[in-house]
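A.B. asks: Take a look at model_26.txt, compact mmCIF, C-alpha atoms and all ligand atoms:
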# COMPACT_ATOMS: atom_id res chain seq x y z
CA MET I 172 23.62 15.24 7.22
CA LYS I 173 20.43 13.25 7.80
CA LYS I 174 20.80 9.55 8.60
CA ILE I 175 18.56 7.42 6.41
CA VAL I 176 18.08 3.66 6.42
CA VAL I 177 16.97 2.01 3.20
CA LEU I 178 14.99 -1.16 3.92
CA ALA I 179 14.86 -3.32 0.82
CA THR I 180 12.19 -5.88 0.02
CA GLY I 181 13.03 -6.64 -3.63
CA GLY I 182 10.94 -5.96 -6.72
CA THR I 183 11.94 -4.77 -10.16
CA ILE I 184 14.10 -2.03 -8.64
CA ALA I 185 16.34 -4.92 -7.48
CA GLY I 186 15.59 -6.97 -10.57
CA SER I 187 18.10 -8.37 -12.99
CA SER I 188 17.81 -9.19 -16.66
CA THR I 189 20.11 -11.11 -18.97
CA SER I 190 19.80 -8.31 -21.53
CA SER I 191 19.45 -4.54 -21.18
CA LEU I 192 16.90 -4.70 -23.99
CA SER I 193 14.69 -7.48 -22.69
CA GLY I 194 11.40 -7.00 -20.86
CA LYS I 195 12.06 -10.34 -19.16
CA TYR I 196 13.81 -10.18 -15.80
CA GLU I 197 13.80 -11.66 -12.32
CA SER I 198 12.60 -9.50 -9.41
CA GLY I 199 14.59 -9.16 -6.21
CA LYS I 200 18.02 -10.36 -7.34
CA ILE I 201 20.36 -7.52 -6.32
CA ASP I 202 21.30 -6.62 -2.73
CA ILE I 203 20.40 -3.12 -1.61
CA ASN I 204 23.96 -2.19 -0.68
CA ASP I 205 25.14 -3.11 -4.20
CA ILE I 206 22.42 -0.84 -5.58
CA LEU I 207 23.37 2.01 -3.21
CA ASP I 208 27.06 1.56 -4.03
CA SER I 209 26.31 1.78 -7.73
CA PHE I 210 25.68 5.52 -7.63
CA ASP I 211 27.62 8.16 -5.72
CA GLU I 212 25.05 10.95 -6.09
CA ILE I 213 23.12 9.89 -2.96
CA LYS I 214 26.19 10.45 -0.79
CA ASP I 215 25.62 14.21 -1.22
CA ILE I 216 22.06 14.04 0.15
CA ALA I 217 22.32 11.94 3.30
CA LYS I 218 24.22 9.30 5.21
CA VAL I 219 22.55 6.18 3.87
CA CYS I 220 22.83 2.52 4.80
CA GLY I 221 20.88 -0.42 3.41
CA ILE I 222 19.28 -3.44 5.07
CA ASP I 223 17.73 -6.30 3.10
CA ILE I 224 14.47 -7.37 4.79
CA CYS I 225 13.74 -9.80 1.99
CA ASN I 226 14.43 -9.96 -1.74
CA ILE I 227 11.20 -10.98 -3.44
CA GLY I 228 8.87 -9.97 -6.21
CA SER I 229 6.06 -8.16 -4.43
CA GLN I 230 3.62 -10.77 -5.76
CA ASN I 231 5.16 -12.79 -2.88
CA MET I 232 4.55 -10.09 -0.26
CA ASN I 233 2.43 -11.27 2.67
CA GLU I 234 1.11 -10.32 6.09
CA ASN I 235 4.07 -11.86 7.95
CA ILE I 236 6.54 -9.67 6.07
CA TRP I 237 4.32 -6.62 6.72
CA LEU I 238 4.44 -7.35 10.45
CA GLU I 239 8.21 -7.83 10.34
CA LEU I 240 8.60 -4.63 8.31
CA VAL I 241 6.55 -2.47 10.66
CA ARG I 242 8.38 -3.84 13.70
CA LYS I 243 11.71 -2.97 12.03
CA CYS I 244 10.47 0.51 11.03
CA ASN I 245 9.21 1.30 14.54
CA GLU I 246 12.43 0.06 16.11
CA LEU I 247 14.62 2.13 13.76
CA LEU I 248 12.47 5.26 13.94
CA SER I 249 12.54 5.27 17.73
CA SER I 250 16.34 5.65 17.59
CA ASN I 251 18.09 9.04 17.54
CA GLU I 252 20.47 7.50 15.01
CA VAL I 253 17.78 7.34 12.32
CA ASP I 254 16.09 10.41 10.79
CA ALA I 255 14.04 8.71 8.09
CA ILE I 256 13.40 5.43 6.28
CA VAL I 257 13.18 4.59 2.60
CA ILE I 258 11.64 1.26 1.61
CA THR I 259 12.22 -0.29 -1.80
CA HIS I 260 9.44 -2.58 -3.00
CA GLY I 261 7.98 -4.21 -6.07
CA THR I 262 5.32 -2.18 -7.83
CA ASP I 263 2.63 -4.88 -7.86
CA THR I 264 1.58 -4.72 -4.20
CA LEU I 265 3.37 -1.50 -3.22
CA GLU I 266 0.09 0.31 -2.55
CA GLU I 267 -1.07 -2.29 -0.02
CA SER I 268 2.21 -2.32 1.89
CA ALA I 269 2.27 1.49 1.86
CA TYR I 270 -1.24 1.76 3.31
CA PHE I 271 -0.53 -0.95 5.90
CA LEU I 272 2.61 0.89 7.08
CA ASN I 273 0.79 4.23 6.96
CA LEU I 274 -1.63 2.86 9.58
CA THR I 275 0.85 1.01 11.79
CA ILE I 276 4.09 3.02 11.93
CA LYS I 277 4.24 5.07 15.12
CA SER I 278 6.44 8.01 14.16
CA HIS I 279 6.27 11.38 12.47
CA LYS I 280 9.68 10.84 10.87
CA PRO I 281 9.54 10.51 7.07
CA VAL I 282 8.91 7.06 5.60
CA VAL I 283 9.16 6.96 1.82
CA MET I 284 8.58 3.96 -0.43
CA SER I 285 9.91 3.61 -3.94
CA ALA I 286 10.03 1.15 -6.79
CA ALA I 287 10.87 0.86 -10.46
CA MET I 288 9.18 -0.28 -13.63
CA ARG I 289 12.45 -1.22 -15.38
CA SER I 290 14.97 -3.63 -13.89
CA HIS I 291 18.33 -2.50 -12.51
CA ASN I 292 20.29 -3.33 -15.67
CA SER I 293 17.65 -2.34 -18.22
CA LEU I 294 18.50 0.38 -20.71
CA SER I 295 17.22 3.62 -19.17
CA SER I 296 16.19 2.00 -15.90
CA ASP I 297 14.10 4.30 -13.71
CA GLY I 298 15.34 2.70 -10.46
CA ALA I 299 18.33 4.93 -9.70
CA MET I 300 16.44 8.23 -10.19
CA ASN I 301 13.45 6.93 -8.24
CA LEU I 302 15.71 5.93 -5.37
CA TYR I 303 17.64 9.21 -5.53
CA ASN I 304 14.35 11.11 -5.41
CA ALA I 305 12.96 8.92 -2.61
CA ILE I 306 16.06 9.59 -0.49
CA SER I 307 15.73 13.30 -1.25
CA VAL I 308 12.10 13.28 -0.10
CA ALA I 309 13.05 11.30 3.04
CA ALA I 310 15.73 13.90 3.81
CA ALA I 311 13.33 16.86 3.40
CA ASP I 312 12.01 18.41 6.64
CA GLU I 313 8.56 18.95 5.03
CA SER I 314 8.09 15.17 4.67
CA ALA I 315 7.75 14.70 8.44
CA GLY I 316 4.17 14.02 9.56
CA MET I 317 2.92 13.32 6.03
CA GLY I 318 2.33 9.62 6.64
CA VAL I 319 3.95 7.07 4.36
CA LEU I 320 4.80 8.56 0.97
CA VAL I 321 5.37 6.83 -2.35
CA VAL I 322 7.91 8.36 -4.72
CA ILE I 323 8.04 7.21 -8.32
CA ASN I 324 8.44 8.86 -11.72
CA ASP I 325 9.19 12.30 -10.19
CA GLU I 326 5.90 12.29 -8.26
CA ILE I 327 5.09 12.06 -4.56
CA HIS I 328 1.90 10.24 -3.59
CA LEU I 329 0.05 9.63 -0.32
CA ALA I 330 -0.07 5.98 0.79
CA ARG I 331 -3.86 6.03 1.14
CA GLU I 332 -4.45 7.36 -2.35
CA VAL I 333 -1.84 5.88 -4.66
CA SER I 334 -2.52 2.94 -6.95
CA LYS I 335 -0.76 1.11 -9.75
CA MET I 336 -2.79 2.01 -12.83
CA ASP I 337 -0.70 0.71 -15.72
CA THR I 338 1.00 -2.66 -16.11
CA ILE I 339 4.14 -1.52 -17.95
CA ALA I 340 4.29 2.29 -18.34
CA LEU I 341 6.91 4.31 -16.46
CA ASN I 342 4.11 6.51 -15.13
CA ALA I 343 2.33 3.46 -13.78
CA PHE I 344 1.23 5.11 -10.52
CA SER I 345 -1.36 7.75 -9.82
CA SER I 346 -3.77 8.80 -7.10
CA PRO I 347 -7.12 8.67 -8.89
CA ASN I 348 -9.20 10.58 -6.33
CA CYS I 349 -6.82 13.25 -5.06
CA GLY I 350 -3.87 13.42 -7.43
CA LYS I 351 -0.23 13.47 -6.39
CA CYS I 352 0.66 15.39 -3.23
CA GLY I 353 3.97 16.70 -4.53
CA ILE I 354 6.73 16.48 -7.06
CA VAL I 355 10.42 15.72 -6.79
CA HIS I 356 12.59 16.72 -9.70
CA TYR I 357 16.29 15.78 -9.58
CA GLY I 358 15.98 15.75 -5.79
CA LYS I 359 14.14 19.09 -5.45
CA VAL I 360 11.04 18.48 -3.34
CA LYS I 361 7.74 20.39 -3.49
CA PHE I 362 4.53 19.49 -1.68
CA TYR I 363 1.06 20.73 -2.63
CA THR I 364 -1.40 18.77 -0.45
CA LYS I 365 -1.52 16.57 2.62
CA SER I 366 -3.86 13.87 3.86
CA LEU I 367 -6.85 14.74 6.06
CA ARG I 368 -7.19 11.08 7.02
CA GLN I 369 -5.51 9.73 10.15
CA HIS I 370 -2.24 7.84 9.92
CA THR I 371 0.96 6.93 11.80
CA LEU I 372 0.92 8.56 15.26
CA GLN I 373 -2.84 9.22 15.18
CA SER I 374 -3.60 5.67 14.09
CA LYS I 375 -4.77 3.24 16.79
CA PHE I 376 -3.67 0.04 15.05
CA ASN I 377 -0.97 -2.10 16.60
CA PRO I 378 -1.48 -5.60 15.16
CA ASP I 379 0.16 -8.84 16.31
CA ILE I 380 -1.60 -11.00 13.77
CA LEU I 381 -3.83 -10.19 10.82
CA PRO I 382 -7.09 -12.14 10.45
CA ARG I 383 -7.89 -13.60 7.04
CA VAL I 384 -9.81 -11.27 4.73
CA ASP I 385 -10.48 -12.27 1.11
CA ILE I 386 -11.37 -10.16 -1.92
CA LEU I 387 -14.15 -11.25 -4.29
CA TYR I 388 -14.55 -9.73 -7.75
CA ASP I 389 -18.07 -9.22 -9.08
CA TYR I 390 -18.99 -9.35 -12.78
CA ALA I 391 -21.99 -9.58 -15.11
CA GLY I 392 -23.61 -12.96 -14.64
CA ALA I 393 -21.49 -13.83 -11.61
CA LYS I 394 -21.77 -17.48 -10.56
CA ILE I 395 -20.71 -17.64 -7.01
CA GLU I 396 -22.73 -20.45 -5.49
CA THR I 397 -19.77 -22.82 -5.91
CA LEU I 398 -17.59 -20.63 -3.71
CA TYR I 399 -15.51 -22.23 -0.97
CA LYS I 400 -16.66 -22.07 2.63
CA SER I 401 -14.05 -21.51 5.30
CA ASN I 402 -14.34 -20.71 8.98
CA ALA I 403 -10.96 -19.03 8.78
CA ILE I 404 -12.38 -16.12 6.77
CA LYS I 405 -13.27 -13.24 9.08
CA GLY I 406 -13.92 -10.62 6.45
CA ILE I 407 -14.71 -10.25 2.76
CA VAL I 408 -14.11 -7.22 0.56
CA CYS I 409 -16.17 -7.21 -2.60
CA ALA I 410 -14.81 -5.47 -5.70
CA ALA I 411 -18.37 -4.56 -6.61
CA LEU I 412 -19.83 -2.98 -9.73
CA GLY I 413 -19.86 0.82 -10.07
CA ASN I 414 -21.04 2.56 -6.91
CA GLY I 415 -21.27 -0.72 -4.98
CA ASN I 416 -23.89 -2.52 -7.03
CA LEU I 417 -23.92 -6.29 -6.73
CA SER I 418 -24.95 -9.05 -9.12
CA PRO I 419 -27.82 -11.17 -7.71
CA GLN I 420 -25.55 -14.12 -6.93
CA MET I 421 -22.94 -11.96 -5.23
CA LEU I 422 -25.61 -10.21 -3.13
CA LYS I 423 -26.99 -13.58 -2.05
CA PHE I 424 -23.54 -14.89 -1.20
CA LEU I 425 -22.55 -11.77 0.78
CA LYS I 426 -25.79 -11.90 2.79
CA SER I 427 -25.04 -15.48 3.78
CA ALA I 428 -21.46 -14.51 4.67
CA ARG I 429 -22.85 -11.69 6.86
CA ASP I 430 -25.24 -14.16 8.53
CA ASN I 431 -22.17 -16.27 9.36
CA GLU I 432 -20.51 -13.31 11.12
CA VAL I 433 -18.15 -12.48 8.30
CA VAL I 434 -17.69 -8.69 8.05
CA VAL I 435 -18.48 -7.53 4.50
CA VAL I 436 -16.97 -4.39 2.96
CA ILE I 437 -18.19 -3.12 -0.39
CA SER I 438 -15.53 -1.50 -2.57
CA SER I 439 -15.56 -1.16 -6.34
CA ARG I 440 -13.81 -2.62 -9.35
CA VAL I 441 -13.88 0.95 -10.78
CA ASN I 442 -10.55 2.72 -10.25
CA GLY I 443 -11.87 5.96 -8.80
CA GLY I 444 -14.73 7.64 -6.97
CA VAL I 445 -16.40 6.85 -3.67
CA ILE I 446 -18.72 4.03 -2.69
CA ASN I 447 -21.81 5.36 -0.97
CA GLY I 448 -24.44 3.11 -2.53
CA SER I 449 -27.06 4.90 -4.62
CA GLU I 450 -29.02 1.73 -5.23
CA LEU I 451 -28.31 -0.40 -2.15
CA ASP I 452 -28.55 0.57 1.51
CA PHE I 453 -25.35 -0.92 2.91
CA ALA I 454 -26.10 -0.10 6.56
CA GLU I 455 -29.50 -1.81 6.29
CA LEU I 456 -27.81 -4.83 4.66
CA GLY I 457 -25.24 -4.97 7.45
CA PHE I 458 -22.40 -4.22 5.02
CA ILE I 459 -19.77 -1.46 5.19
CA ALA I 460 -19.04 0.93 2.33
CA SER I 461 -15.33 1.41 1.58
CA ASP I 462 -15.57 5.19 0.97
CA SER I 463 -12.81 5.81 -1.60
CA LEU I 464 -10.54 2.86 -0.74
CA ASN I 465 -9.95 0.38 -3.52
CA PRO I 466 -10.48 -3.33 -2.74
CA GLN I 467 -6.86 -4.10 -1.83
CA LYS I 468 -6.61 -1.13 0.54
CA SER I 469 -10.06 -1.88 1.99
CA ARG I 470 -8.73 -5.34 2.79
CA VAL I 471 -5.80 -3.82 4.72
CA LEU I 472 -8.09 -1.59 6.78
CA LEU I 473 -10.54 -4.42 7.43
CA MET I 474 -7.73 -6.76 8.57
CA LEU I 475 -6.42 -4.08 10.94
CA SER I 476 -9.92 -3.36 12.28
CA LEU I 477 -10.58 -7.06 12.86
CA SER I 478 -7.20 -7.47 14.52
CA SER I 479 -8.28 -4.93 17.13
CA LYS I 480 -11.52 -6.90 17.66
CA GLU I 481 -13.82 -3.99 16.91
CA ASP I 482 -17.56 -4.31 16.32
CA ILE I 483 -19.16 -3.52 12.98
CA GLU I 484 -20.11 0.07 13.87
CA LYS I 485 -16.54 0.89 14.91
CA ILE I 486 -15.27 -0.72 11.73
CA ARG I 487 -17.73 1.36 9.71
CA ASP I 488 -16.34 4.51 11.40
CA ASN I 489 -12.79 3.42 10.55
CA PHE I 490 -13.64 3.69 6.86
CA ASP I 491 -14.46 7.39 7.42
CA ILE I 492 -11.45 8.08 9.66
CA TYR I 493 -8.58 6.32 7.87
N1 LIG I 501 6.73 -8.28 -9.96
C1 LIG I 501 7.33 -7.06 -9.63
C2 LIG I 501 7.02 -6.76 -8.18
O1 LIG I 501 6.00 -6.22 -7.86
C3 LIG I 501 6.94 -5.94 -10.50
C4 LIG I 501 7.64 -4.67 -10.13
O2 LIG I 501 8.34 -4.53 -9.18
O3 LIG I 501 7.45 -3.74 -10.92
O4 LIG I 501 7.82 -7.06 -7.37
What do you get writing this file as structure tokens?
Ligand code: ASP

C.D. replies:
Amino acid sequence: MKKIVVLATGGTIAGSSTSSLSGKYESGKIDINDILDSFDEIKDIAKVCGIDICNIGSQNMNENIWLELVRKCNELLSSNEVDAIVITHGTDTLEESAYFLNLTIKSHKPVVMSAAMRSHNSLSSDGAMNLYNAISVAAADESAGMGVLVVINDEIHLAREVSKMDTIALNAFSSPNCGKCGIVHYGKVKFYTKSLRQHTLQSKFNPDILPRVDILYDYAGAKIETLYKSNAIKGIVCAALGNGNLSPQMLKFLKSARDNEVVVVISSRVNGGVINGSELDFAELGFIASDSLNPQKSRVLLMLSLSSKEDIEKIRDNFDIY
């Protein structure tokens, strides 16, 4: 039997409600080993043990926990006693953590993240099946070398592509540009595609600290001249309009940020497609286009690039490689 460690970080999957029929609950209340003990079915798939890394709503996730999580993953995966890792997480920032780990874990062993939209004691909670399926995917030989995978609602998604697209629906996650890479139905795993972008063992990133990168959201009539100034900010990702268009005030602000040696990445507030700039020449402006990464994933890649002290041309290449 495969040996799988479940690292728990909290979220709705560990959430508790006072009523099985209430949409109100508290994230991150139940210990992972209590969750694992609550269903026997997983004992037939693998030898599983749980470790609580933290027990938070993922709105409280931050760079320090990411660094702790990747250190723990790399330590466990380098051991012959561990065949794969499952990470439970809140849905809100799952996609950012998944992409961060996808670029920093140094192993081909399966790493699978999962979550739930309904709390542990909700009527018809999705947590147990999602976790059962995540452990099944982690135990499957075909999952090795796929990068970090996200398993939710019977679907398998690639860390780079997946995004939370609905605030409350059970099928909250999808991969808008590429679609899911596989399905898992009552533990039966099938893959259909894999990522052509570099990850895990091919990835060069090995961060100790993550420089501050902020995200700015553009909108019609944006008024940005009152924006804070901070020397701590090393990068800005703009959730721009459409294919990277910028309101006049945002363009002016980003040019001044660039002149102050802040690296500017242009992503989009649209949930799909690539940014290549039909109306603006990003290279000429000294900006970087995010390719198909959404703003929150662009921020992860920019933080990692800045942590390895790369120049703007190298960072630009990273957005084509990762
Ligand atoms: N606030 C929760 C979280 O992201 C929502 C969830 O898990 O679905 O942790």

A.B. asks: Do a neighbour search on segment 344-354 of chain I at 6 Å with only C-alpha atoms, toss out local chain neighbours closer than 2 positions, and write the hits as a ChimeraX atom specification.

C.D. replies: /I:325-328,332-336,342,361-364,443

A.B. asks: For ligand LIG 501 (chain I), which residue among I:Ser293, I:Lys243, I:Ala310, I:Ala343 is the nearest when counting only C-alpha atoms and all ligand atoms?

C.D. replies: I:Ala343

A.B. asks: May I ask which of the residues I:Leu473, I:Ala460, I:Leu425, I:Ala185 is the closest one to Gly406 of chain I, counting all atoms listed in the file?

C.D. replies: I:Leu473

A.B. asks: May I have the residues within 12 Å of ligand LIG 501 (chain I), computed using all atoms listed in the file, as an NGL selection string?

C.D. replies: :I and (179-187 or 194-200 or 225-232 or 259-268 or 285-291 or 296-298 or 323 or 335-344)

A.B. asks: What does the structure give for the distance between atom CA of Gly316 of chain I and atom CA of Met284 of chain I, in Å to one decimal?

C.D. replies: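 Going from atom CA of Gly316 of chain I over to atom CA of Met284 of chain I, I get 14.8 Å.
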
A.B. asks: Identify the residues around (15.2, 0.7, 9.6) within a radius of 8 Å, measuring from all atoms listed in the file in the coordinates stated by the file, and give them as a PyMOL selection string.

C.D. replies: chain I and resi 176-178+222+243-248+253+256

A.B. asks: Since we have the selection now, will you write its residues out, keeping C-alpha atoms, as a tab-separated table (two decimals), in the coordinates of the input?

C.D. replies:
chain	number	residue	atom	x	y	z
I	176	VAL	CA	18.08	3.66	6.42
I	177	VAL	CA	16.97	2.01	3.20
I	178	LEU	CA	14.99	-1.16	3.92
I	222	ILE	CA	19.28	-3.44	5.07
I	243	LYS	CA	11.71	-2.97	12.03
I	244	CYS	CA	10.47	0.51	11.03
I	245	ASN	CA	9.21	1.30	14.54
I	246	GLU	CA	12.43	0.06	16.11
I	247	LEU	CA	14.62	2.13	13.76
I	248	LEU	CA	12.47	5.26	13.94
I	253	VAL	CA	17.78	7.34	12.32
I	256	ILE	CA	13.40	5.43	6.28

A.B. asks: Would you mind reading off the distance between atom CA of Leu381 of chain I and atom CA of Ser479 of chain I, one decimal, in Å?

C.D. replies: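 Between atom CA of Leu381 of chain I and atom CA of Ser479 of chain I the gap works out to 9.3 Å.
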
A.B. asks: Which residue out of I:Met300, I:Leu367, I:Leu272, I:Ala411 has the minimum interatomic distance to Val471 of chain I when all atoms listed in the file are used?

C.D. replies: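 Among the listed residues, the smallest separation from Val471 of chain I belongs to I:Leu272.
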
A.B. asks: State, in Å with one decimal place, the distance from atom CA of Asn251 of chain I to atom CA of Lys218 of chain I.

C.D. replies: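 If I compute the distance from atom CA of Asn251 of chain I to atom CA of Lys218 of chain I, I get 13.8 Å.
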
A.B. asks: When you count all atoms listed in the file, which of these residues is closest to Ile213 of chain I: I:Ala299, I:Leu238, I:Ile407, I:Val282?

C.D. replies: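 Of all the options, I:Ala299 lies closest to Ile213 of chain I.
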
A.B. asks: Kindly provide, as JSON, the centre and edge lengths (Å, one decimal) of an axis-aligned box around all atoms of segment 303-310 of chain I given in the file, with 3 Å on each side.

C.D. replies:
{"center_x": 14.9, "center_y": 11.4, "center_z": -0.9, "size_x": 11.5, "size_y": 11.0, "size_z": 15.3}

A.B. asks: Pull segment 434-444 of chain I out of the block and emit all heavy atoms, as a CSV table (one decimal), in the first residue's frame.

C.D. replies:
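Printed below is decode_2.csv as written:
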chain,number,residue,atom,x,y,z
I,434,VAL,N,8.7,46.3,-10.8
I,434,VAL,CA,8.4,45.5,-12.0
I,434,VAL,C,6.9,45.3,-12.1
I,434,VAL,O,6.2,45.0,-11.2
I,434,VAL,CB,9.1,44.1,-11.9
I,434,VAL,CG1,8.8,43.2,-13.1
I,434,VAL,CG2,10.6,44.2,-11.7
I,435,VAL,N,6.4,45.7,-13.4
I,435,VAL,CA,5.0,45.7,-13.6
I,435,VAL,C,4.6,44.5,-14.5
I,435,VAL,O,5.1,44.4,-15.6
I,435,VAL,CB,4.6,47.1,-14.3
I,435,VAL,CG1,3.1,47.1,-14.7
I,435,VAL,CG2,4.9,48.2,-13.3
I,436,VAL,N,3.6,43.8,-14.1
I,436,VAL,CA,3.1,42.7,-14.9
I,436,VAL,C,1.6,43.0,-15.2
I,436,VAL,O,0.9,43.4,-14.3
I,436,VAL,CB,3.2,41.3,-14.2
I,436,VAL,CG1,2.4,40.2,-14.9
I,436,VAL,CG2,4.7,40.9,-14.0
I,437,ILE,N,1.3,42.8,-16.5
I,437,ILE,CA,-0.1,43.1,-16.9
I,437,ILE,C,-0.9,41.8,-17.0
I,437,ILE,O,-0.6,41.0,-17.9
I,437,ILE,CB,-0.1,43.9,-18.2
I,437,ILE,CG1,0.7,45.2,-18.1
I,437,ILE,CG2,-1.6,44.2,-18.6
I,437,ILE,CD1,0.3,46.2,-17.1
I,438,SER,N,-1.8,41.6,-16.2
I,438,SER,CA,-2.8,40.4,-16.3
I,438,SER,C,-4.1,41.0,-16.7
I,438,SER,O,-4.2,42.2,-17.1
I,438,SER,CB,-2.8,39.6,-15.0
I,438,SER,OG,-3.7,38.6,-15.1
I,439,SER,N,-5.2,40.3,-16.5
I,439,SER,CA,-6.5,40.8,-16.9
I,439,SER,C,-7.5,40.4,-15.8
I,439,SER,O,-7.4,39.4,-15.1
I,439,SER,CB,-6.9,40.2,-18.2
I,439,SER,OG,-8.2,40.7,-18.5
I,440,ARG,N,-8.5,41.3,-15.7
I,440,ARG,CA,-9.6,41.0,-14.8
I,440,ARG,C,-10.6,40.1,-15.5
I,440,ARG,O,-11.6,39.6,-14.9
I,440,ARG,CB,-10.3,42.3,-14.4
I,440,ARG,CG,-10.9,43.1,-15.5
I,440,ARG,CD,-11.5,44.4,-15.0
I,440,ARG,NE,-12.6,44.8,-15.9
I,440,ARG,CZ,-13.4,45.8,-15.7
I,440,ARG,NH1,-13.4,46.5,-14.6
I,440,ARG,NH2,-14.4,46.1,-16.5
I,441,VAL,N,-10.4,39.7,-16.8
I,441,VAL,CA,-11.2,38.8,-17.5
I,441,VAL,C,-10.7,37.4,-17.1
I,441,VAL,O,-9.5,37.1,-17.1
I,441,VAL,CB,-11.1,39.0,-19.0
I,441,VAL,CG1,-12.0,37.9,-19.8
I,441,VAL,CG2,-11.6,40.4,-19.4
I,442,ASN,N,-11.7,36.5,-16.9
I,442,ASN,CA,-11.3,35.1,-16.4
I,442,ASN,C,-10.9,34.1,-17.4
I,442,ASN,O,-11.3,33.0,-17.4
I,442,ASN,CB,-12.5,34.5,-15.6
I,442,ASN,CG,-12.5,35.0,-14.2
I,442,ASN,OD1,-11.5,35.3,-13.6
I,442,ASN,ND2,-13.7,35.3,-13.6
I,443,GLY,N,-10.2,34.5,-18.5
I,443,GLY,CA,-9.9,33.6,-19.5
I,443,GLY,C,-9.2,34.3,-20.6
I,443,GLY,O,-9.3,35.5,-20.7
I,444,GLY,N,-8.4,33.5,-21.4
I,444,GLY,CA,-7.7,34.1,-22.5
I,444,GLY,C,-6.3,34.5,-22.2
I,444,GLY,O,-5.9,34.3,-21.0
